[in-house]
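Content type mmCIF, C-alpha atoms, from the file entry.cif:
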data_data
#
loop_
_atom_site.label_atom_id
_atom_site.label_comp_id
_atom_site.auth_asym_id
_atom_site.auth_seq_id
_atom_site.Cartn_x
_atom_site.Cartn_y
_atom_site.Cartn_z
CA MET A 837 -45.85 -33.83 26.74
CA LYS A 838 -47.15 -35.37 23.49
CA ASN A 839 -48.53 -32.00 22.41
CA SER A 840 -45.15 -30.35 23.05
CA LEU A 841 -43.37 -33.02 21.02
CA LEU A 842 -45.89 -32.59 18.20
CA ILE A 843 -45.30 -28.82 18.15
CA VAL A 844 -41.50 -29.34 17.95
CA ILE A 845 -41.90 -31.78 15.02
CA ILE A 846 -44.17 -29.33 13.19
CA CYS A 847 -41.68 -26.47 13.70
CA ILE A 848 -38.78 -28.57 12.40
CA THR A 849 -40.82 -29.61 9.38
CA ILE A 850 -41.72 -26.00 8.61
CA CYS A 851 -38.05 -24.96 8.91
CA LEU A 852 -36.88 -27.74 6.63
CA ASN A 853 -39.53 -26.91 4.07
CA GLY A 854 -38.65 -23.26 4.35
CA CYS A 855 -35.01 -24.01 3.56
CA SER A 856 -36.06 -25.27 0.17
CA LEU A 857 -37.49 -21.82 -0.56
CA VAL A 858 -34.07 -20.12 -0.07
CA PRO A 859 -32.69 -19.36 -3.53
CA SER A 860 -29.47 -21.15 -4.44
CA THR A 861 -27.07 -20.13 -7.18
CA ASN A 862 -24.61 -22.24 -9.13
CA VAL A 863 -21.10 -20.76 -8.88
CA ASN A 864 -20.84 -21.11 -12.65
CA GLN A 865 -23.74 -18.67 -12.93
CA LEU A 866 -22.00 -15.90 -11.01
CA ASN A 867 -19.31 -13.42 -12.06
CA ILE A 868 -17.02 -13.14 -9.06
CA ILE A 869 -15.11 -9.84 -9.21
CA GLU A 870 -11.45 -10.25 -8.23
CA ALA A 871 -10.08 -6.85 -9.33
CA ALA A 872 -11.63 -3.45 -9.96
CA GLY A 873 -10.24 -0.23 -11.37
CA PHE A 874 -11.60 3.30 -11.61
CA ASP A 875 -10.68 6.06 -14.07
CA LEU A 876 -11.86 9.64 -14.43
CA VAL A 877 -13.90 10.19 -17.61
CA ASN A 878 -14.83 13.80 -16.79
CA PRO A 879 -15.33 15.79 -13.55
CA LYS A 880 -18.72 14.14 -12.95
CA GLN A 881 -18.25 10.69 -14.43
CA ILE A 882 -16.04 7.69 -13.73
CA LYS A 883 -15.23 4.52 -15.61
CA GLY A 884 -15.29 1.26 -13.69
CA THR A 885 -13.42 -1.84 -14.89
CA VAL A 886 -13.79 -5.30 -13.36
CA VAL A 887 -11.91 -8.55 -13.82
CA PHE A 888 -13.66 -11.86 -13.14
CA PRO A 889 -13.02 -15.54 -13.96
CA VAL A 890 -15.09 -17.41 -16.52
CA PHE A 891 -15.29 -21.18 -15.95
CA ARG A 892 -15.45 -23.18 -19.19
CA PRO A 893 -17.03 -26.66 -19.53
CA THR A 894 -13.59 -27.97 -20.54
CA GLY A 895 -12.30 -27.19 -17.06
CA GLN A 896 -10.23 -24.21 -18.19
CA THR A 897 -10.58 -20.84 -16.51
CA GLU A 898 -10.34 -17.60 -18.46
CA PHE A 899 -10.39 -14.08 -17.10
CA SER A 900 -12.76 -11.54 -18.57
CA VAL A 901 -12.45 -7.73 -18.36
CA SER A 902 -15.44 -5.42 -18.69
CA SER A 903 -15.86 -1.64 -18.31
CA ALA A 904 -18.73 0.83 -18.00
CA ASP A 905 -19.15 4.54 -17.24
CA GLY A 906 -21.35 6.16 -14.63
CA GLU A 907 -21.78 9.01 -12.18
CA THR A 908 -21.62 6.64 -9.19
CA ILE A 909 -20.37 3.11 -8.49
CA LYS A 910 -23.97 1.89 -8.37
CA LYS A 911 -24.63 3.25 -11.87
CA VAL A 912 -21.38 1.68 -13.11
CA ARG A 913 -22.45 -1.63 -11.54
CA GLU A 914 -25.90 -1.38 -13.13
CA ARG A 915 -24.41 -0.80 -16.59
CA LEU A 916 -21.88 -3.61 -16.12
CA ASP A 917 -24.69 -6.00 -15.19
CA SER A 918 -26.63 -4.97 -18.30
CA GLN A 919 -23.82 -6.18 -20.55
CA ILE A 920 -22.70 -9.32 -18.72
CA ARG A 921 -24.39 -12.73 -18.83
CA TYR A 922 -24.39 -13.44 -15.07
CA ARG A 923 -24.72 -11.35 -11.91
CA LEU A 924 -21.59 -9.67 -10.51
CA ILE A 925 -20.62 -10.23 -6.86
CA SER A 926 -17.72 -8.78 -4.83
CA GLY A 927 -17.03 -11.58 -2.35
CA GLN A 928 -13.56 -12.41 -3.74
CA LEU A 929 -12.35 -8.87 -4.45
CA ARG A 930 -8.57 -8.71 -3.97
CA VAL A 931 -7.39 -5.46 -5.58
CA VAL A 932 -8.90 -2.02 -6.23
CA THR A 933 -6.96 0.53 -8.32
CA PHE A 934 -7.44 4.23 -9.07
CA SER A 935 -5.95 6.31 -11.86
CA LEU A 936 -3.71 9.30 -11.09
CA ASP A 937 -6.31 11.73 -12.47
CA LEU A 938 -9.04 10.32 -10.23
CA ALA A 939 -6.69 10.29 -7.23
CA LYS A 940 -5.90 13.97 -7.77
CA LYS A 941 -9.61 14.80 -7.86
CA GLY A 942 -10.42 12.62 -4.82
CA PHE A 943 -11.97 9.18 -4.56
CA PHE A 944 -13.29 8.83 -1.02
CA PRO A 945 -16.93 8.35 -2.19
CA ILE A 946 -15.75 5.13 -3.87
CA ILE A 947 -13.80 4.06 -0.79
CA ASP A 948 -16.80 4.84 1.40
CA THR A 949 -19.07 2.73 -0.81
CA PHE A 950 -16.73 -0.24 -0.50
CA ASN A 951 -16.46 0.35 3.24
CA ARG A 952 -20.27 0.03 3.53
CA ASP A 953 -20.34 -3.21 1.56
CA PRO A 954 -20.16 -6.22 3.94
CA ALA A 955 -19.02 -8.43 1.05
CA VAL A 956 -15.77 -6.44 0.72
CA GLY A 957 -13.00 -7.52 3.08
CA ASN A 958 -10.63 -5.19 4.93
CA MET A 959 -7.54 -6.96 3.59
CA ILE A 960 -7.97 -6.02 -0.07
CA GLN A 961 -5.04 -4.16 -1.61
CA LEU A 962 -5.43 -0.59 -2.89
CA ALA A 963 -3.10 1.03 -5.42
CA ILE A 964 -2.75 4.07 -7.65
CA VAL A 965 -2.08 3.53 -11.36
CA ASP A 966 0.17 5.91 -13.27
CA GLY A 967 -2.01 5.74 -16.38
CA GLU A 968 -5.45 4.26 -16.99
CA THR A 969 -6.56 1.38 -14.75
CA ALA A 970 -8.62 -0.06 -17.62
CA ASP A 971 -5.45 -0.37 -19.72
CA LEU A 972 -3.50 -2.01 -16.90
CA LEU A 973 -6.21 -4.55 -16.07
CA SER A 974 -6.62 -5.38 -19.78
CA LEU A 975 -2.96 -6.15 -20.54
CA LYS A 976 -2.91 -9.03 -23.04
CA GLN A 977 0.16 -10.71 -21.54
CA TYR A 978 -1.78 -11.34 -18.32
CA THR A 979 -4.95 -12.78 -19.89
CA LYS A 980 -3.90 -16.37 -19.23
CA GLU A 981 -3.32 -15.78 -15.53
CA ASN A 982 -5.23 -14.12 -12.75
CA ILE A 983 -4.08 -10.50 -12.97
CA ALA A 984 -5.88 -9.72 -9.69
CA LEU A 985 -3.85 -12.35 -7.86
CA TYR A 986 -0.68 -11.22 -9.67
CA ILE A 987 -1.07 -7.61 -8.50
CA TYR A 988 -2.10 -8.71 -5.01
CA ASP A 989 1.00 -10.90 -4.65
CA LEU A 990 3.22 -8.18 -6.16
CA LEU A 991 2.06 -5.65 -3.57
CA LEU A 992 2.17 -8.11 -0.70
CA HIS A 993 5.67 -9.52 -1.20
CA ASN A 994 7.16 -6.06 -1.76
CA SER A 995 5.76 -5.01 1.61
CA GLN A 996 6.97 -8.18 3.34
CA THR A 997 10.55 -8.33 2.04
CA GLY A 998 10.78 -5.27 -0.21
CA PRO A 999 11.08 -1.50 0.31
CA PHE A 1000 7.35 -0.74 0.63
CA PRO A 1001 5.49 -0.30 3.92
CA TYR A 1002 2.47 -2.54 4.36
CA THR A 1003 -0.91 -1.07 3.52
CA ASP A 1004 -4.37 -2.39 2.75
CA PHE A 1005 -7.98 -1.21 2.75
CA ALA A 1006 -8.27 -1.11 6.56
CA THR A 1007 -4.92 0.71 6.90
CA PHE A 1008 -5.96 3.37 4.40
CA ILE A 1009 -9.29 3.93 6.18
CA TYR A 1010 -7.46 4.25 9.52
CA GLN A 1011 -4.94 6.75 8.14
CA TYR A 1012 -7.68 8.74 6.43
CA PHE A 1013 -9.45 9.38 9.74
CA GLU A 1014 -6.33 9.52 11.94
CA VAL A 1015 -5.61 12.99 13.34
CA GLY A 1016 -2.11 14.11 12.43
CA GLN A 1017 -1.33 11.59 9.68
CA ASP A 1018 -1.84 11.52 5.92
CA ALA A 1019 -2.64 8.34 4.02
CA TYR A 1020 -0.45 6.72 1.36
CA LEU A 1021 -0.76 3.98 -1.29
CA PRO A 1022 1.66 2.22 -3.67
CA VAL A 1023 1.89 3.37 -7.29
CA LEU A 1024 1.77 0.92 -10.22
CA LYS A 1025 2.87 1.64 -13.76
CA VAL A 1026 3.15 -0.37 -16.96
CA VAL A 1027 6.82 -0.29 -18.02
CA ASN A 1028 7.87 -2.27 -21.11
CA ASP A 1029 4.59 -4.22 -20.94
CA LYS A 1030 5.27 -5.21 -17.32
CA ILE A 1031 3.47 -4.04 -14.19
CA LYS A 1032 5.97 -2.38 -11.84
CA LEU A 1033 5.93 -0.54 -8.53
CA THR A 1034 7.34 2.95 -9.04
CA GLY A 1035 6.66 4.95 -5.87
CA ILE A 1036 4.31 5.82 -3.03
CA ALA A 1037 1.37 8.20 -3.49
CA VAL A 1038 0.68 10.48 -0.50
CA PHE A 1039 -2.67 12.17 0.09
CA LYS A 1040 -4.29 15.06 1.89
CA GLN A 1041 -7.61 13.48 2.83
CA ASP A 1042 -8.39 11.57 -0.39
CA LYS A 1043 -6.62 13.89 -2.84
CA LEU A 1044 -3.20 12.91 -4.16
CA ILE A 1045 -0.56 15.54 -3.40
CA THR A 1046 2.72 13.97 -4.48
CA ILE A 1047 4.49 10.68 -5.18
CA ILE A 1048 7.48 9.62 -3.10
CA PRO A 1049 10.06 8.46 -5.69
CA TRP A 1050 11.57 4.98 -5.63
CA LYS A 1051 14.89 6.10 -4.12
CA TYR A 1052 13.10 7.15 -0.90
CA THR A 1053 10.81 4.13 -0.46
CA PHE A 1054 13.47 2.17 1.46
CA ILE A 1055 13.99 4.87 4.07
CA PHE A 1056 10.26 5.66 4.23
CA LYS A 1057 9.52 2.07 5.16
CA GLY A 1058 12.26 2.18 7.80
CA MET A 1059 10.55 5.17 9.39
CA MET A 1060 7.06 3.65 9.20
CA GLU A 1061 7.57 0.10 10.46
CA HIS A 1062 10.09 -2.50 11.58
CA TYR A 1063 12.02 -4.07 8.76
CA LYS A 1064 12.11 -7.84 9.27
CA GLN A 1065 14.00 -8.79 6.15
CA GLY A 1066 15.20 -6.77 3.22
CA LEU A 1067 17.77 -6.09 0.51
CA HIS A 1068 19.13 -2.73 -0.58
CA GLN A 1069 21.92 -1.39 -2.76
CA PHE A 1070 24.08 1.69 -2.16
CA LYS A 1071 26.58 3.54 -4.33
CA ILE A 1072 29.62 4.44 -2.24
CA ASP A 1073 32.56 6.28 -3.83
CA GLY A 1074 31.61 5.01 -7.27
CA GLU A 1075 31.30 1.38 -6.12
CA TYR A 1076 28.17 -0.60 -5.33
CA VAL A 1077 27.40 -2.23 -2.00
CA ALA A 1078 24.43 -4.58 -1.53
CA ILE A 1079 23.26 -5.38 1.99
CA ASP A 1080 20.70 -8.05 2.87
CA ASN A 1081 19.07 -9.68 5.89
CA LEU A 1082 18.26 -6.07 6.71
CA THR A 1083 16.31 -5.46 9.90
CA SER A 1084 15.47 -2.10 11.43
CA LYS A 1085 13.58 -0.48 14.25
CA SER A 1086 12.50 3.14 14.50
CA LYS A 1087 12.02 5.27 17.58
CA TYR A 1088 10.63 8.79 17.80
CA SER A 1089 11.55 11.48 20.30
CA VAL A 1090 9.31 14.55 20.67
CA LYS A 1091 10.39 17.67 22.57
CA ILE A 1092 8.77 21.07 22.95
CA LYS A 1093 11.28 23.93 22.89
CA LYS A 1094 10.11 27.53 23.14
CA GLY A 1095 6.60 26.37 22.38
CA LYS A 1096 7.59 24.59 19.15
CA PRO A 1097 7.89 20.83 18.64
CA GLU A 1098 11.17 19.18 17.66
CA PHE A 1099 11.44 15.60 16.45
CA THR A 1100 14.29 13.12 16.38
CA ILE A 1101 13.84 9.88 14.47
CA TYR A 1102 16.22 7.12 15.51
CA LEU A 1103 16.76 4.28 13.05
CA ASN A 1104 18.64 1.23 14.33
CA MET A 1105 19.58 -1.16 11.52
CA ASN A 1106 21.32 -4.52 11.32
CA ALA A 1107 22.52 -6.05 8.05
CA ARG A 1108 25.25 -7.96 6.30
CA ILE A 1109 27.22 -7.06 3.18
CA GLN A 1110 26.15 -9.49 0.50
CA GLU A 1111 27.95 -7.97 -2.49
CA TYR A 1112 30.63 -5.34 -3.06
CA THR A 1113 32.12 -4.23 -6.40
CA GLY A 1114 35.15 -2.43 -4.91
CA ASP A 1115 38.65 -3.81 -4.51
CA LYS A 1116 38.88 -3.38 -0.74
CA PRO A 1117 38.98 -6.66 1.24
CA ILE A 1118 35.77 -6.25 3.21
CA PHE A 1119 36.62 -9.05 5.63
CA PHE A 1120 39.04 -6.65 7.41
CA PRO A 1121 37.34 -4.84 10.33
CA LYS A 1122 38.66 -1.39 9.38
CA HIS A 1123 37.24 -1.66 5.86
CA ILE A 1124 33.89 -2.89 7.17
CA LYS A 1125 33.85 0.07 9.55
CA GLN A 1126 34.55 2.49 6.68
CA LEU A 1127 31.76 1.03 4.57
CA THR A 1128 29.38 1.05 7.53
CA LYS A 1129 29.97 4.77 8.15
CA ALA A 1130 29.60 5.57 4.44
CA ILE A 1131 26.31 3.62 4.17
CA GLN A 1132 25.03 5.19 7.38
CA LYS A 1133 25.81 8.66 6.02
CA ASP A 1134 24.03 7.83 2.74
CA ILE A 1135 20.91 6.66 4.60
CA GLU A 1136 20.82 9.84 6.69
CA LYS A 1137 21.22 11.95 3.53
CA ASN A 1138 18.25 10.21 1.86
CA ALA A 1139 16.23 10.45 5.07
CA ASN A 1140 16.76 14.20 5.25
CA GLY A 1141 15.92 14.48 1.55
CA LEU A 1142 12.64 12.64 2.16
CA ILE A 1143 11.77 14.83 5.15
CA SER A 1144 12.44 17.97 3.08
CA LEU A 1145 10.16 16.69 0.31
CA LEU A 1146 7.34 15.94 2.75
CA GLN A 1147 7.65 19.30 4.50
CA GLU A 1148 7.78 21.15 1.17
CA LYS A 1149 4.49 19.49 0.11
CA ASN A 1150 3.07 19.91 3.65
CA ILE A 1151 2.13 16.22 3.92
CA ASP A 1152 2.73 14.01 6.93
CA PRO A 1153 2.46 10.30 6.03
CA ILE A 1154 4.94 9.46 8.81
CA GLY A 1155 2.37 10.65 11.35
CA LEU A 1156 4.45 13.16 13.28
CA GLY A 1157 1.29 15.11 14.06
CA SER A 1158 -0.26 11.99 15.56
CA LYS A 1159 2.83 11.48 17.71
CA LEU A 1160 2.73 15.12 18.78
CA GLU A 1161 -0.94 14.78 19.74
CA ALA A 1162 -0.03 11.87 22.02
CA HIS A 1163 2.71 14.00 23.58
CA GLN A 1164 0.89 17.34 23.82
CA ARG A 1165 -2.29 17.71 25.86
CA ASN A 1166 -3.51 20.90 24.16
CA PHE A 1167 -2.73 19.71 20.62
CA ASN A 1168 -4.21 21.95 17.91
CA LEU A 1169 -4.36 20.40 14.44
CA LYS A 1170 -4.72 23.71 12.57
CA LYS A 1171 -1.72 25.14 14.39
CA TRP A 1172 0.30 21.99 13.67
CA ASN A 1173 -0.56 22.15 9.95
CA LYS A 1174 0.95 25.65 9.85
CA GLU A 1175 4.04 24.65 11.88
CA TYR A 1176 4.78 21.34 10.16
CA SER A 1177 6.58 22.67 7.09
CA SER A 1178 9.14 24.49 9.27
CA ALA A 1179 9.34 22.03 12.18
CA LYS A 1180 12.78 20.81 13.21
CA ILE A 1181 13.09 17.13 12.30
CA LYS A 1182 16.34 15.16 12.67
CA VAL A 1183 17.09 11.61 11.57
CA LYS A 1184 19.86 9.64 13.28
CA VAL A 1185 20.91 6.27 11.88
CA ASN A 1186 22.84 3.56 13.69
CA LEU A 1187 23.89 0.78 11.29
CA ASP A 1188 25.52 -2.43 12.51
CA ILE A 1189 27.08 -4.73 9.91
CA LEU A 1190 26.87 -8.09 11.67
CA HIS A 1191 28.85 -10.09 9.11
CA THR A 1192 29.87 -9.92 5.47
CA GLY A 1193 28.53 -13.17 4.03
CA VAL A 1194 30.61 -15.74 2.18
CA VAL A 1195 33.75 -14.48 0.44
CA GLU A 1196 35.13 -16.56 -2.43
#

Final structure tokens representation of the file:
Amino acid sequence: MKNSLLIVIICITICLNGCSLVPSTNVNQLNIIEAAGFDLVNPKQIKGTVVFPVFRPTGQTEFSVSSADGETIKKVRERLDSQIRYRLISGQLRVVTFSLDLAKKGFFPIIDTFNRDPAVGNMIQLAIVDGETADLLSLKQYTKENIALYIYDLLLHNSQTGPFPYTDFATFIYQYFEVGQDAYLPVLKVVNDKIKLTGIAVFKQDKLITIIPWKYTFIFKGMMEHYKQGLHQFKIDGEYVAIDNLTSKSKYSVKIKKGKPEFTIYLNMNARIQEYTGDKPIFFPKHIKQLTKAIQKDIEKNANGLISLLQEKNIDPIGLGSKLEAHQRNFNLKKWNKEYSSAKIKVKVNLDILHTGVVE
């Protein structure tokens, strides 16, 4: 019994002494990457840009931006480390951006590298930059704040209450490997020295094919996910109508007729009229009904316009192929890719104006 106790004490002592051999690092001696951007230098070389906080003895925090070129991320990382005082780590990475040129060439090797890194979380935000990512991440007007957090919040709140469908690193990876669906990411652009969302980039594998323009983002989100809260403006007969508290649900119907698939997308929406520039008294039921029909018609027109754009470019971010695969036992992806551009796709909208807000 005494021998057993002695062995336990010795083991504990060894463990405790061993702990002192584990290297420890002061957080002030680390460069914690919060944002990263990648640009195309030439067909075989990329430029990597990172943003990380620098903690001053005065208690102030500044944000430093550094760039380096390389053939791979590892080479970029090596060259960044060679010009920075402390070691770079990725544990707090929030945002990763890619330039349009790089997105057109394809960037999955970079995505795959991040996917293999256990320090990189699945919830980071990805975005395409219309321009150079190094220029966007180096904007002088954002040097006094955390530009990584700014972009992260910008993307997040526009997906929660704005016209953009939610996406993140894990979502992109899922869509990339999903049979019958193409991946998409938000597009950022510097406009009048401000970072703005301008559209949705859609890919074939990891290569950018086209950008869904801003006017279609609202209806695209309605097709992709349930709206929980939103605001949108319409132009009806020369007057403007703003609806808010917008909620929507989408439902897909798949039918096979004469061996070819046909799709019907049902969009059920509830909203209230928040603002109206016309002279009609919108508290009368007949006028509300007229506006409801006009808005419903406008939504269907934009929906059909979006579908035509997607079929013309032969891209399927909505995932109709995935829905067909679930419906059709002998689904053939190559056959579907040939049929998609001419497939019959209808969109039917049912809009219910619940109330018209406060009228003064």

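Across the structure, CA of Lys1174 in chain A and CA of Asp1042 in chain A are spaced 19.8 Å apart.
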
Nearest to Asn958 in chain A, restricted to only C-alpha atoms and choosing among A:Tyr1010, A:Phe934, A:Phe1099, A:Tyr1020, comes out as A:Tyr1010

What is the CA of Ile1092 in chain A to CA of Met1059 in chain A distance in Å?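 Taking CA of Ile1092 in chain A as the start and CA of Met1059 in chain A as the end point, the length is 21.0 Å.
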
Rounded to one decimal place, report the CA of Gln919 in chain A-CA of Gln896 in chain A distance in Å. 22.7 Å

Using the chain letters and numbers from the file, which residues does the PyMOL selection byres ((chain A and resi 1000) around 9) grab, as a VMD selection string? chain A and resid 991 994 to 999 1001 to 1003 1022 1035 to 1036 1053 to 1054 1056 to 1057

N, CA and C atoms restored at range 1072-1085 of chain A, emitted as a compact mmCIF listing (two decimals), keeping the file's coordinate frame:
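The resulting selection16.txt:
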# COMPACT_ATOMS: atom_id res chain seq x y z
N ILE A 1072 28.66 3.80 -3.14
CA ILE A 1072 29.62 4.44 -2.24
C ILE A 1072 30.94 4.66 -2.98
N ASP A 1073 31.31 5.93 -3.14
CA ASP A 1073 32.56 6.28 -3.83
C ASP A 1073 32.68 5.59 -5.19
N GLY A 1074 31.59 5.58 -5.93
CA GLY A 1074 31.61 5.01 -7.27
C GLY A 1074 31.47 3.51 -7.32
N GLU A 1075 31.45 2.84 -6.18
CA GLU A 1075 31.30 1.38 -6.12
C GLU A 1075 29.94 1.05 -5.51
N TYR A 1076 29.48 -0.17 -5.80
CA TYR A 1076 28.17 -0.60 -5.33
C TYR A 1076 28.28 -1.59 -4.18
N VAL A 1077 27.45 -1.35 -3.16
CA VAL A 1077 27.40 -2.23 -2.00
C VAL A 1077 25.96 -2.71 -1.82
N ALA A 1078 25.76 -4.01 -1.75
CA ALA A 1078 24.43 -4.58 -1.53
C ALA A 1078 24.40 -5.20 -0.13
N ILE A 1079 23.41 -4.79 0.66
CA ILE A 1079 23.26 -5.38 1.99
C ILE A 1079 21.94 -6.16 2.03
N ASP A 1080 21.93 -7.27 2.75
CA ASP A 1080 20.70 -8.05 2.87
C ASP A 1080 20.51 -8.50 4.31
N ASN A 1081 19.48 -9.33 4.53
CA ASN A 1081 19.07 -9.68 5.89
C ASN A 1081 18.89 -8.42 6.73
N LEU A 1082 18.40 -7.38 6.07
CA LEU A 1082 18.26 -6.07 6.71
C LEU A 1082 17.09 -6.07 7.69
N THR A 1083 17.36 -5.66 8.90
CA THR A 1083 16.31 -5.46 9.90
C THR A 1083 16.48 -4.05 10.47
N SER A 1084 15.38 -3.45 10.87
CA SER A 1084 15.47 -2.10 11.43
C SER A 1084 14.34 -1.85 12.40
N LYS A 1085 14.58 -0.94 13.31
CA LYS A 1085 13.58 -0.48 14.25
C LYS A 1085 13.67 1.04 14.34
